[in-house]
Structures are given as structure tokens and as C-alpha cells.
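S.K.: Sharing query00.cif here; it has mmCIF, C-alpha atoms and all ligand atoms.
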data_entry
loop_
_atom_site.label_atom_id
_atom_site.label_comp_id
_atom_site.auth_asym_id
_atom_site.auth_seq_id
_atom_site.Cartn_x
_atom_site.Cartn_y
_atom_site.Cartn_z
CA MET A 1043 32.30 97.39 124.89
CA SER A 1044 32.81 99.68 127.89
CA VAL A 1045 31.09 98.93 131.19
CA PRO A 1046 30.16 101.96 133.33
CA TYR A 1047 29.75 101.40 137.06
CA LEU A 1048 26.36 103.12 137.03
CA ASP A 1049 24.22 104.55 134.24
CA LEU A 1050 21.52 106.75 135.80
CA PRO A 1051 20.01 107.99 132.50
CA ALA A 1052 19.55 104.34 131.44
CA GLN A 1053 17.94 103.58 134.82
CA HIS A 1054 15.37 106.36 134.36
CA HIS A 1055 14.67 105.91 130.68
CA PRO A 1056 11.94 103.23 131.03
CA LEU A 1057 10.28 105.27 133.81
CA ARG A 1058 10.39 108.62 132.01
CA ASP A 1059 6.67 109.01 131.26
CA ARG A 1060 5.60 108.07 134.78
CA LEU A 1061 8.23 110.38 136.31
CA HIS A 1062 6.98 113.25 134.14
CA GLU A 1063 3.40 112.54 135.22
CA ALA A 1064 4.54 112.59 138.87
CA LEU A 1065 6.21 115.97 138.30
CA ASP A 1066 3.04 117.38 136.69
CA ARG A 1067 0.88 116.10 139.57
CA VAL A 1068 3.04 117.82 142.18
CA LEU A 1069 3.23 121.06 140.16
CA ASP A 1070 -0.56 121.01 139.90
CA HIS A 1071 -1.34 120.44 143.59
CA GLY A 1072 1.46 122.72 144.85
CA HIS A 1073 2.06 121.06 148.28
CA PHE A 1074 5.82 121.04 147.82
CA ILE A 1075 6.68 120.50 151.49
CA LEU A 1076 5.22 117.46 153.32
CA GLY A 1077 2.61 117.01 150.59
CA PRO A 1078 0.42 113.90 150.24
CA GLU A 1079 3.08 111.86 148.39
CA VAL A 1080 5.35 111.95 151.46
CA GLY A 1081 2.85 110.15 153.72
CA LEU A 1082 1.93 107.75 150.93
CA LEU A 1083 5.58 106.86 150.32
CA GLU A 1084 6.10 106.26 154.06
CA GLU A 1085 3.13 103.84 154.08
CA ARG A 1086 4.34 102.03 150.94
CA LEU A 1087 7.91 101.72 152.24
CA ALA A 1088 6.70 100.34 155.60
CA GLU A 1089 4.62 97.77 153.74
CA TYR A 1090 7.43 96.88 151.32
CA LEU A 1091 10.00 96.48 154.08
CA GLY A 1092 7.68 94.78 156.59
CA VAL A 1093 8.35 97.37 159.30
CA GLU A 1094 5.90 99.23 161.49
CA HIS A 1095 6.80 102.86 160.80
CA VAL A 1096 8.79 104.86 158.26
CA VAL A 1097 9.72 108.52 158.68
CA THR A 1098 11.31 110.08 155.59
CA CYS A 1099 13.91 112.84 155.71
CA ASN A 1100 16.47 114.65 153.57
CA SER A 1101 19.28 112.06 153.41
CA GLY A 1102 20.69 108.89 154.90
CA THR A 1103 23.03 111.06 156.96
CA ASP A 1104 20.06 112.91 158.43
CA ALA A 1105 18.32 109.59 159.08
CA LEU A 1106 21.29 108.66 161.29
CA LEU A 1107 21.31 112.10 162.93
CA LEU A 1108 17.58 111.95 163.64
CA ALA A 1109 17.83 108.42 165.08
CA LEU A 1110 20.65 109.52 167.41
CA MET A 1111 18.72 112.67 168.38
CA ALA A 1112 15.56 110.66 169.03
CA ARG A 1113 17.50 108.65 171.65
CA CYS A 1114 19.02 111.82 173.17
CA ILE A 1115 22.58 110.75 172.31
CA GLY A 1116 25.05 113.62 172.57
CA PRO A 1117 28.12 115.01 174.34
CA GLY A 1118 29.81 112.64 176.79
CA HIS A 1119 28.37 109.57 175.06
CA GLU A 1120 30.10 106.88 173.01
CA VAL A 1121 28.64 105.07 170.01
CA ILE A 1122 30.18 101.81 168.81
CA THR A 1123 30.50 101.41 165.06
CA VAL A 1124 32.87 100.36 162.26
CA ALA A 1125 35.50 102.32 160.34
CA HIS A 1126 34.85 100.41 157.11
CA SER A 1127 31.93 102.52 155.91
CA PHE A 1128 31.12 105.79 154.20
CA VAL A 1129 32.21 108.68 156.48
CA ALA A 1130 28.58 109.69 157.04
CA THR A 1131 28.19 106.87 159.58
CA ALA A 1132 30.79 108.38 161.92
CA ASN A 1133 30.06 111.99 160.99
CA ALA A 1134 26.45 111.68 162.19
CA ILE A 1135 27.70 110.39 165.55
CA SER A 1136 30.25 113.21 165.80
CA LEU A 1137 27.72 115.85 164.75
CA VAL A 1138 25.44 115.10 167.73
CA GLY A 1139 28.52 115.56 169.95
CA ALA A 1140 29.09 111.88 170.76
CA ARG A 1141 32.32 109.94 170.14
CA PRO A 1142 32.42 107.15 167.55
CA VAL A 1143 34.28 104.11 168.93
CA PHE A 1144 35.49 101.96 166.03
CA VAL A 1145 35.64 98.18 166.37
CA ASP A 1146 37.32 95.81 163.93
CA LEU A 1147 35.53 93.61 161.39
CA ASP A 1148 34.91 89.95 160.91
CA ALA A 1149 37.24 89.23 157.95
CA ASP A 1150 34.71 87.18 155.95
CA THR A 1151 31.53 89.19 156.32
CA MET A 1152 33.14 92.63 156.78
CA CYS A 1153 30.61 93.29 159.58
CA LEU A 1154 31.22 94.07 163.23
CA ALA A 1155 31.10 91.07 165.54
CA ALA A 1156 29.39 90.79 168.94
CA GLU A 1157 32.68 89.94 170.74
CA GLY A 1158 34.29 93.19 169.53
CA VAL A 1159 31.22 95.18 170.55
CA ALA A 1160 31.19 93.57 174.03
CA ARG A 1161 34.84 94.57 174.58
CA ALA A 1162 34.13 98.19 173.53
CA ILE A 1163 31.17 98.83 175.87
CA THR A 1164 31.87 101.36 178.66
CA PRO A 1165 29.56 103.25 181.07
CA ARG A 1166 29.42 106.03 178.44
CA THR A 1167 28.17 103.80 175.59
CA ARG A 1168 24.66 104.66 174.43
CA ALA A 1169 24.29 103.00 171.03
CA VAL A 1170 25.70 100.51 168.53
CA VAL A 1171 25.62 101.37 164.81
CA PRO A 1172 26.29 98.28 162.65
CA VAL A 1173 26.60 98.93 158.91
CA HIS A 1174 25.03 96.54 156.39
CA LEU A 1175 27.68 97.39 153.82
CA ASN A 1176 27.27 96.45 150.14
CA GLY A 1177 23.76 95.14 150.78
CA PHE A 1178 25.00 92.32 153.03
CA PRO A 1179 22.83 91.96 156.16
CA CYS A 1180 25.10 91.56 159.21
CA GLU A 1181 24.47 88.86 161.81
CA LEU A 1182 23.10 90.91 164.72
CA THR A 1183 21.70 88.30 167.15
CA GLY A 1184 24.58 88.70 169.63
CA VAL A 1185 24.73 92.49 169.17
CA GLU A 1186 20.98 92.82 169.77
CA ALA A 1187 21.29 90.79 172.98
CA LEU A 1188 24.14 93.06 174.16
CA CYS A 1189 22.06 96.17 173.38
CA ARG A 1190 19.16 94.78 175.43
CA GLU A 1191 21.42 93.82 178.34
CA HIS A 1192 23.12 97.24 178.46
CA GLY A 1193 20.11 99.40 177.50
CA LEU A 1194 21.74 100.62 174.24
CA ALA A 1195 20.03 101.85 171.10
CA LEU A 1196 20.61 99.58 168.09
CA ILE A 1197 20.77 101.93 165.11
CA GLU A 1198 21.29 99.90 161.94
CA ASP A 1199 22.96 101.78 159.08
CA CYS A 1200 20.93 100.32 156.22
CA ALA A 1201 21.95 103.01 153.72
CA GLN A 1202 23.18 100.37 151.26
CA ALA A 1203 20.83 97.53 152.10
CA ILE A 1204 17.21 98.24 151.23
CA GLY A 1205 15.46 94.89 150.75
CA ALA A 1206 18.13 92.78 152.49
CA SER A 1207 17.16 90.30 155.22
CA ARG A 1208 18.61 87.52 157.37
CA ARG A 1209 16.51 84.52 158.35
CA GLY A 1210 13.48 86.46 157.14
CA VAL A 1211 14.25 89.46 159.39
CA PRO A 1212 14.55 92.63 157.27
CA VAL A 1213 17.43 95.00 157.97
CA GLY A 1214 16.31 97.97 160.04
CA SER A 1215 13.53 96.12 161.84
CA LEU A 1216 15.24 95.42 165.18
CA ASP A 1217 15.14 98.90 166.76
CA LEU A 1218 15.97 101.87 164.49
CA GLY A 1219 17.02 101.57 160.82
CA CYS A 1220 18.55 104.37 158.73
CA PHE A 1221 18.29 104.25 154.94
CA SER A 1222 19.66 106.44 152.14
CA LEU A 1223 17.88 107.30 148.90
CA HIS A 1224 21.01 108.82 147.33
CA PRO A 1225 21.33 108.27 143.53
CA LEU A 1226 23.92 105.50 144.07
CA LYS A 1227 21.47 103.36 146.07
CA ALA A 1228 19.20 100.62 144.74
CA LEU A 1229 16.13 102.77 145.47
CA SER A 1230 17.13 106.33 144.75
CA ALA A 1231 15.61 109.78 144.58
CA VAL A 1232 16.39 112.19 141.78
CA GLY A 1233 18.68 113.87 144.31
CA ASP A 1234 19.07 113.32 148.05
CA GLY A 1235 16.69 111.53 150.40
CA GLY A 1236 16.56 109.11 153.30
CA PHE A 1237 14.31 107.55 155.93
CA VAL A 1238 14.20 105.95 159.35
CA THR A 1239 12.38 102.69 160.14
CA LEU A 1240 11.17 102.09 163.68
CA ARG A 1241 8.74 100.17 165.84
CA SER A 1242 7.05 102.75 168.09
CA GLY A 1243 4.32 105.09 166.83
CA GLU A 1244 5.17 107.55 169.61
CA GLU A 1245 8.82 107.68 168.54
CA ALA A 1246 7.77 108.05 164.89
CA ALA A 1247 5.74 111.13 165.88
CA ARG A 1248 8.78 112.49 167.72
CA LEU A 1249 10.98 111.93 164.65
CA ARG A 1250 8.41 113.70 162.47
CA ARG A 1251 8.73 116.73 164.76
CA LEU A 1252 12.53 116.52 164.85
CA ARG A 1253 12.77 116.50 161.03
CA ASN A 1254 10.62 119.66 160.94
CA HIS A 1255 12.45 122.10 163.27
CA GLY A 1256 11.03 120.36 166.35
CA LEU A 1257 7.68 122.02 165.66
CA VAL A 1258 4.75 120.66 167.65
CA ASP A 1259 2.36 122.87 165.71
CA ARG A 1260 2.83 125.73 163.26
CA ASP A 1261 4.16 128.17 165.90
CA THR A 1262 5.49 126.02 168.76
CA CYS A 1263 8.99 124.53 168.86
CA GLY A 1264 8.94 121.68 171.40
CA ALA A 1265 12.54 120.51 170.86
CA VAL A 1266 15.52 121.64 168.81
CA GLY A 1267 15.13 119.97 165.42
CA LEU A 1268 16.39 119.97 161.83
CA ASN A 1269 15.00 121.09 158.52
CA SER A 1270 15.17 117.60 157.05
CA ARG A 1271 11.99 116.91 155.15
CA LEU A 1272 11.94 114.76 152.03
CA ASP A 1273 10.65 116.97 149.17
CA THR A 1274 7.15 116.07 147.99
CA LEU A 1275 8.56 115.91 144.46
CA GLN A 1276 11.17 113.35 145.48
CA ALA A 1277 8.48 111.30 147.25
CA ALA A 1278 6.41 111.37 144.04
CA PHE A 1279 9.40 110.17 142.00
CA LEU A 1280 10.22 107.52 144.61
CA LEU A 1281 6.66 106.12 144.47
CA VAL A 1282 7.28 105.43 140.78
CA LYS A 1283 10.74 103.98 141.40
CA LEU A 1284 9.59 101.78 144.30
CA ASP A 1285 7.37 99.90 141.82
CA ALA A 1286 10.51 99.05 139.84
CA LEU A 1287 12.69 98.08 142.82
CA ASP A 1288 12.05 94.32 142.90
CA GLU A 1289 12.94 94.00 139.24
CA ALA A 1290 16.09 96.08 139.73
CA LEU A 1291 17.17 93.94 142.71
CA ALA A 1292 16.50 90.77 140.71
CA ARG A 1293 18.77 92.04 137.91
CA ARG A 1294 21.51 92.81 140.45
CA ARG A 1295 21.18 89.26 141.81
CA GLU A 1296 21.58 87.80 138.31
CA ASN A 1297 24.78 89.78 137.78
CA ALA A 1298 26.06 88.80 141.23
CA ALA A 1299 25.28 85.11 140.57
CA LEU A 1300 27.27 85.30 137.34
CA TYR A 1301 30.27 86.80 139.15
CA LEU A 1302 30.05 84.23 141.96
CA ARG A 1303 30.08 81.47 139.36
CA GLU A 1304 32.66 82.90 136.96
CA LEU A 1305 35.17 84.37 139.38
CA ALA A 1306 35.59 81.45 141.79
CA GLY A 1307 39.31 80.88 142.29
CA ALA A 1308 40.37 84.12 140.59
CA VAL A 1309 39.69 86.58 143.42
CA THR A 1310 38.34 86.39 146.99
CA LEU A 1311 34.58 86.44 146.58
CA PRO A 1312 32.01 87.98 148.92
CA VAL A 1313 30.27 85.50 151.24
CA ASP A 1314 26.83 84.35 150.17
CA GLU A 1315 25.00 82.57 152.98
CA GLU A 1316 21.91 80.38 152.57
CA ASP A 1317 19.56 82.11 154.99
CA VAL A 1318 20.51 85.58 153.78
CA VAL A 1319 18.90 87.81 151.16
CA GLN A 1320 21.54 90.30 150.11
CA THR A 1321 20.92 93.08 147.65
CA TRP A 1322 24.40 93.57 146.16
CA SER A 1323 24.52 97.31 146.47
CA ALA A 1324 28.16 96.67 145.52
CA PHE A 1325 29.81 93.43 144.39
CA VAL A 1326 33.06 93.60 146.32
CA VAL A 1327 35.91 91.20 145.58
CA ARG A 1328 39.37 91.17 147.11
CA HIS A 1329 42.79 90.79 145.55
CA ALA A 1330 46.28 91.42 146.95
CA ARG A 1331 47.23 93.57 143.91
CA ARG A 1332 43.99 95.49 143.84
CA ASP A 1333 45.37 98.74 142.38
CA ARG A 1334 46.89 96.94 139.37
CA LEU A 1335 43.63 95.11 138.79
CA VAL A 1336 41.56 98.33 138.91
CA ALA A 1337 43.98 100.08 136.52
CA ALA A 1338 43.98 97.17 134.05
CA LEU A 1339 40.17 97.03 134.11
CA ALA A 1340 40.05 100.79 133.42
CA GLU A 1341 42.31 100.25 130.37
CA ARG A 1342 39.66 97.88 129.01
CA GLY A 1343 36.87 100.42 129.65
CA ILE A 1344 35.57 98.68 132.78
CA ASP A 1345 34.78 101.02 135.64
CA ALA A 1346 35.61 99.36 138.99
CA LYS A 1347 35.39 101.44 142.18
CA ILE A 1348 36.84 101.18 145.67
CA HIS A 1349 34.36 101.41 148.53
CA TYR A 1350 36.23 102.79 150.47
CA PRO A 1351 39.96 103.38 149.92
CA VAL A 1352 40.54 105.09 153.29
CA ALA A 1353 38.81 103.69 156.36
CA ILE A 1354 37.22 106.28 158.64
CA HIS A 1355 39.69 105.75 161.49
CA ARG A 1356 42.46 106.76 159.03
CA GLN A 1357 40.69 109.93 157.84
CA PRO A 1358 42.38 113.20 158.88
CA ALA A 1359 39.21 114.34 160.67
CA TYR A 1360 39.34 111.36 163.03
CA GLN A 1361 42.96 111.37 164.21
CA PRO A 1362 44.36 109.95 166.42
CA GLN A 1363 42.85 106.44 166.43
CA PRO A 1364 44.18 102.98 167.32
CA ALA A 1365 44.96 100.56 164.46
CA LEU A 1366 42.30 98.11 163.21
CA ALA A 1367 44.15 95.19 161.59
CA VAL A 1368 41.31 93.53 159.66
CA THR A 1369 39.77 96.83 158.52
CA GLU A 1370 43.12 97.99 157.17
CA ARG A 1371 43.80 94.73 155.34
CA VAL A 1372 40.34 94.70 153.80
CA THR A 1373 40.60 98.35 152.74
CA ALA A 1374 43.83 97.60 150.84
CA GLU A 1375 42.36 94.65 148.91
CA ILE A 1376 38.77 95.55 147.97
CA LEU A 1377 37.34 96.59 144.62
CA SER A 1378 33.70 96.85 143.52
CA LEU A 1379 32.69 95.43 140.13
CA PRO A 1380 29.79 96.92 138.12
CA VAL A 1381 26.66 95.05 139.29
CA ALA A 1382 23.82 97.58 138.85
CA ALA A 1383 20.54 96.55 137.22
CA GLU A 1384 21.52 98.34 133.99
CA VAL A 1385 24.69 96.22 133.62
CA SER A 1386 23.60 93.51 131.17
CA LEU A 1387 24.56 89.85 131.56
CA GLU A 1388 26.79 90.24 128.48
CA GLN A 1389 28.59 93.14 130.15
CA ALA A 1390 28.94 91.18 133.41
CA GLU A 1391 30.34 88.27 131.39
CA GLU A 1392 32.87 90.65 129.83
CA VAL A 1393 33.86 91.99 133.25
CA ALA A 1394 34.31 88.45 134.60
CA SER A 1395 36.50 87.34 131.71
CA ALA A 1396 38.58 90.53 131.96
CA VAL A 1397 39.10 89.97 135.71
CA ARG A 1398 40.13 86.35 135.09
CA ALA A 1399 42.58 87.31 132.33
CA ILE A 1400 44.16 90.20 134.29
CA VAL A 1401 44.48 88.14 137.48
CA ALA A 1402 46.13 85.29 135.54
CA GLU A 1403 48.62 87.83 134.18
CA ILE A 1404 49.44 89.57 137.49
CA ASP A 1405 49.46 86.38 139.59
CA GLY A 1406 51.20 84.35 136.91
C1 LIG A 1501 26.90 103.21 154.72
C2 LIG A 1501 26.35 104.59 154.49
N1 LIG A 1501 25.92 105.30 155.54
C3 LIG A 1501 25.38 106.52 155.37
C4 LIG A 1501 25.27 107.10 154.13
C5 LIG A 1501 24.74 108.48 154.01
O1 LIG A 1501 23.63 108.58 153.16
P1 LIG A 1501 23.36 109.92 152.34
O2 LIG A 1501 24.39 110.04 151.26
O3 LIG A 1501 21.98 109.71 151.80
O4 LIG A 1501 23.42 111.05 153.31
C6 LIG A 1501 25.68 106.37 153.01
C7 LIG A 1501 25.49 106.89 151.64
O5 LIG A 1501 26.18 107.40 150.92
C8 LIG A 1501 26.26 105.11 153.19
O6 LIG A 1501 26.71 104.39 152.14
#
What does the file become when written as C-alpha cells?
M.R.:
Amino acid sequence: MSVPYLDLPAQHHPLRDRLHEALDRVLDHGHFILGPEVGLLEERLAEYLGVEHVVTCNSGTDALLLALMARCIGPGHEVITVAHSFVATANAISLVGARPVFVDLDADTMCLAAEGVARAITPRTRAVVPVHLNGFPCELTGVEALCREHGLALIEDCAQAIGASRRGVPVGSLDLGCFSLHPLKALSAVGDGGFVTLRSGEEAARLRRLRNHGLVDRDTCGAVGLNSRLDTLQAAFLLVKLDALDEALARRRENAALYLRELAGAVTLPVDEEDVVQTWSAFVVRHARRDRLVAALAERGIDAKIHYPVAIHRQPAYQPQPALAVTERVTAEILSLPVAAEVSLEQAEEVASAVRAIVAEIDG
């Protein structure tokens, strides 16, 4: 039995009729840009996440861009973030003209830590962008206090963490939260999409203008903005898929629980803390001979991925950069096992026994 990392056709199969109905509805009303489904989705997402406002846009990358633009972050400014993320996190910072300043990770949680952030703050710092990677909600109490003390924006990169929370506090609810609706995410469009969560109604109105060319009304451009609207059609699809999200996250948790149980002692497991709800956007384990493990899994038809094999501070576009010891060690050891909702418990069991057998062979 082969185990794909993700099976999008299987994900959509049970929703097919409702997705087709959504398509017909949008074709019939014809409001393809900022139609009624967009506002409805924003309301539903705000309710689901327990946040005050949601502004949708074209992608998670644009969500980050819009959040940075909303706080007037640009040339001459520094933004503190991590290098262990998808490049979009740093690219958004660079695209507004600011400089990403990479801090190292806590080795267990793979999140930035308040002490590292404190050391990186300079008079040019304007924001901190923590990344809730793999659906694990970072501890941000100390970082939030630093942001308050220094007047910095706290822009949480929640692209991989919809539904995650720590001590009952949902990711993205502290200041600004940026989410992706890319097909690889737990809640995904049939294409690209994203959204920003935020607390102020006034700022939400500003973001709505910024995502629509900065238009104040049909003919007046009040600020330079983007064309970054979520398609009405995608919003209509997402309304259907949002209804299925809790079940999908529950399935991911079952697979993750199986791995946590079955792989103890074989590989370094991700942390799972009591007061934390994580959403397992990826189930990332670590092993010193990661490449051999990935290749041996592939031989057995099991698709493991590496998120991400080259940290951002080592990407050609970001040279030169100082070394980041923990980030580099983590990057060399990580692999992501198939954990998506469509991976059955039998398949997860097969993955776990393959990992155990291969590790025994290469460690033995
Ligand atoms: C951590 C992180 N940040 C930002 C993004 C960018 O999101 P998108 O692909 O929707 O632009 C992604 C998604 O791929 C991501 O994983």
C-alpha cells in the first residue's frame, strides 16, 4: 500500500455536490469580485477562530504584505523573524522594503524565543513575525510583552496553523494574524487564498482598501494598494470546506496521536504540550540520517517531505547572513510524515512500522 503525502481529489470527493452547487450559485449571481460570499466567509472565519475581524485576500503572502503595509513598515525598517519557514515569510518583509532580521530557534519547539527577539531589537525594528510552523502555536507571552514595551507590531504568521491555540488563546488573536488558504493547508481554497485577522474595525477597513488598490470609493485612490481580493468563487468553495474543517483536524490529530505513540524512541518526536491545541499541518520528526530515512520510505511507497531543506538565511536571495546554529541543525534532521485527514489509520500504522524498521536498520 502506498501512502501519498496529500491526496486532494480524495479530500474533495465527499464535498463534490456541495462544491458544484457553490459554483452554480456564483455563476448565477455573477458577482465574481467581492461578491456576497466573501463577506459571509469573513464573518464565519471570525466566528470560527474567535477573533474580532477577518479580511480575506489573494494568498498568505499577501496577508503578510497587507499586514506590514497596514503598519506602514517599509524602507529603513527591520522586522524580526525566523529563517526556518517558507520563504514567503521573509519575502513579504523584503517586498515592502524592510530588512528581515533572522533569530535562532528554541530547539524543542522550533519557534523563536523572547530572549533572541530582545537581543535583536534595534531603533529600526518595527515588527516581530513569529511563525506557528507545522500547526504548533508558539509561546508568545514574552514576545508580546516586548512588542508592547517597544511599540512593535506583532504579526503572527499563522499560514500553517488555522485552529491552533495556546492556553485557549487562538493563534492570530494578539495583534495581526496572517493565514494561508493554499491547497496544502488544512483549510484550503481550490487555488490560492489568504486572510488577515485583527482586532480593530478601523484597521480592518484600511486593510479592505489596501487589498483593493487603495480605493476609498470607485474612483478615488486614498493610498497605494494591491489587487489582492479573494475570488467570490473561492469564498463560496471555502464556505463549504469550512464546515468540514473540524472533522479534518480531528482526523489529523488521530494520525498524530498514533505517530506519537508508535514512534517513541525511534525518532525525535515533535513536542506536544498539555495546554496547547496544535493542528499538525505537518508531523515533523527528526533523525540524524534523515536523507537515508526519506529515501528508504520512498522505496516503500511512502511519501515523506522536508519542510524546509534550506533555511531562508541560506537561500541565495538572502546572502550574506550570519550562521544560526539551531536552525541549521534542525534543517538537516527534519522530515514530515503523511498526516493529512485522508491518510487512514491503517496507512499511518504502515508509515510508523516502516519508520521503526528503517531506523532499526540504519541505527543498528
Ligand atoms: C509559514 C508560511 N508563511 C507564508 C506562506 C505563504 O502563503 P501562500 O502560499 O498562501 O502565499 C506559507 C504557505 O505556503 C507558509 O507556509
S.K.: How would you report the residues lying within 10 Å of ligand LIG 1501 (chain A), as a count of residues only, if you count only C-alpha atoms and all ligand atoms?
M.R.: 48
S.K.: To one decimal place in Å, what is the distance between atom CA of A:Gly1343 and atom CA of A:Pro1312?
M.R.: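 Between atom CA of A:Gly1343 and atom CA of A:Pro1312 the gap is 23.4 Å.
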S.K.: Tell me, in Å to one decimal, how far atom CA of A:Arg1058 is from atom CA of A:Ala1299.
M.R.: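 These atoms are spaced 29.1 Å apart.
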S.K.: Write out as a short mmCIF file (atom, residue, chain, number, x, y, z; two decimals) with C-alpha atoms, in the frame of the given file each polymer residue whose atoms come within 12 Å of A:Ala1402, counting all atoms listed in the file; drop sequence neighbours fewer than 2 positions from it.
M.R.:
data_model
loop_
_atom_site.label_atom_id
_atom_site.label_comp_id
_atom_site.auth_asym_id
_atom_site.auth_seq_id
_atom_site.Cartn_x
_atom_site.Cartn_y
_atom_site.Cartn_z
CA LEU A 1305 35.17 84.37 139.38
CA GLY A 1307 39.31 80.88 142.29
CA ALA A 1308 40.37 84.12 140.59
CA VAL A 1309 39.69 86.58 143.42
CA HIS A 1329 42.79 90.79 145.55
CA ARG A 1331 47.23 93.57 143.91
CA LEU A 1335 43.63 95.11 138.79
CA SER A 1395 36.50 87.34 131.71
CA ALA A 1396 38.58 90.53 131.96
CA VAL A 1397 39.10 89.97 135.71
CA ARG A 1398 40.13 86.35 135.09
CA ALA A 1399 42.58 87.31 132.33
CA ILE A 1400 44.16 90.20 134.29
CA ILE A 1404 49.44 89.57 137.49
CA ASP A 1405 49.46 86.38 139.59
CA GLY A 1406 51.20 84.35 136.91
#
S.K.: Figure out the distance between atom CA of A:Val1159 and atom CA of A:Val1185, please, to one decimal in Å.
M.R.: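 Those two atoms sit 7.2 Å apart.
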S.K.: Skip stretch 1276-1292 of chain A itself and residues of its chain fewer than 2 positions away, then list as a PyMOL selection string all residues within 10 Å of it, counting only C-alpha atoms.
M.R.: chain A and resi 1053-1054+1056-1058+1060-1065+1067-1068+1074+1076-1084+1086-1087+1090+1098+1100+1204-1206+1223+1228-1235+1272-1274+1294-1298+1320-1323+1382-1384
S.K.: Output C-alpha atoms for every residue in the selection just made, as a short mmCIF file (atom, residue, chain, number, x, y, z; two decimals), keeping the file's coordinate frame.
M.R.:
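This went into out.cif:
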data_model
loop_
_atom_site.label_atom_id
_atom_site.label_comp_id
_atom_site.auth_asym_id
_atom_site.auth_seq_id
_atom_site.Cartn_x
_atom_site.Cartn_y
_atom_site.Cartn_z
CA GLN A 1053 17.94 103.58 134.82
CA HIS A 1054 15.37 106.36 134.36
CA PRO A 1056 11.94 103.23 131.03
CA LEU A 1057 10.28 105.27 133.81
CA ARG A 1058 10.39 108.62 132.01
CA ARG A 1060 5.60 108.07 134.78
CA LEU A 1061 8.23 110.38 136.31
CA HIS A 1062 6.98 113.25 134.14
CA GLU A 1063 3.40 112.54 135.22
CA ALA A 1064 4.54 112.59 138.87
CA LEU A 1065 6.21 115.97 138.30
CA ARG A 1067 0.88 116.10 139.57
CA VAL A 1068 3.04 117.82 142.18
CA PHE A 1074 5.82 121.04 147.82
CA LEU A 1076 5.22 117.46 153.32
CA GLY A 1077 2.61 117.01 150.59
CA PRO A 1078 0.42 113.90 150.24
CA GLU A 1079 3.08 111.86 148.39
CA VAL A 1080 5.35 111.95 151.46
CA GLY A 1081 2.85 110.15 153.72
CA LEU A 1082 1.93 107.75 150.93
CA LEU A 1083 5.58 106.86 150.32
CA GLU A 1084 6.10 106.26 154.06
CA ARG A 1086 4.34 102.03 150.94
CA LEU A 1087 7.91 101.72 152.24
CA TYR A 1090 7.43 96.88 151.32
CA THR A 1098 11.31 110.08 155.59
CA ASN A 1100 16.47 114.65 153.57
CA ILE A 1204 17.21 98.24 151.23
CA GLY A 1205 15.46 94.89 150.75
CA ALA A 1206 18.13 92.78 152.49
CA LEU A 1223 17.88 107.30 148.90
CA ALA A 1228 19.20 100.62 144.74
CA LEU A 1229 16.13 102.77 145.47
CA SER A 1230 17.13 106.33 144.75
CA ALA A 1231 15.61 109.78 144.58
CA VAL A 1232 16.39 112.19 141.78
CA GLY A 1233 18.68 113.87 144.31
CA ASP A 1234 19.07 113.32 148.05
CA GLY A 1235 16.69 111.53 150.40
CA LEU A 1272 11.94 114.76 152.03
CA ASP A 1273 10.65 116.97 149.17
CA THR A 1274 7.15 116.07 147.99
CA ARG A 1294 21.51 92.81 140.45
CA ARG A 1295 21.18 89.26 141.81
CA GLU A 1296 21.58 87.80 138.31
CA ASN A 1297 24.78 89.78 137.78
CA ALA A 1298 26.06 88.80 141.23
CA GLN A 1320 21.54 90.30 150.11
CA THR A 1321 20.92 93.08 147.65
CA TRP A 1322 24.40 93.57 146.16
CA SER A 1323 24.52 97.31 146.47
CA ALA A 1382 23.82 97.58 138.85
CA ALA A 1383 20.54 96.55 137.22
CA GLU A 1384 21.52 98.34 133.99
#
S.K.: So that I can check the surroundings of A:Arg1356, please list as a ChimeraX atom specification every protein, DNA and RNA residue that reaches within 12 Å of it, counting only C-alpha atoms and ignoring chain neighbours fewer than 4 positions away.
M.R.: /A:1124-1127,1129,1144,1350-1352,1360-1367,1369-1370,1373
S.K.: If we count all atoms listed in the file, what is near stretch 1238-1247 of chain A at a cut-off of 6 Å, once residues fewer than 2 positions away on the same chain are taken out, given as a VMD selection string?
M.R.: chain A and resid 1094 to 1097 1105 1217 to 1220 1249 to 1250
S.K.: Create the file for the chosen residues now, containing C-alpha atoms and written as a compact mmCIF listing (two decimals), keeping the file's coordinate frame.
M.R.:
# COMPACT_ATOMS: atom_id res chain seq x y z
CA GLU A 1094 5.90 99.23 161.49
CA HIS A 1095 6.80 102.86 160.80
CA VAL A 1096 8.79 104.86 158.26
CA VAL A 1097 9.72 108.52 158.68
CA ALA A 1105 18.32 109.59 159.08
CA ASP A 1217 15.14 98.90 166.76
CA LEU A 1218 15.97 101.87 164.49
CA GLY A 1219 17.02 101.57 160.82
CA CYS A 1220 18.55 104.37 158.73
CA LEU A 1249 10.98 111.93 164.65
CA ARG A 1250 8.41 113.70 162.47
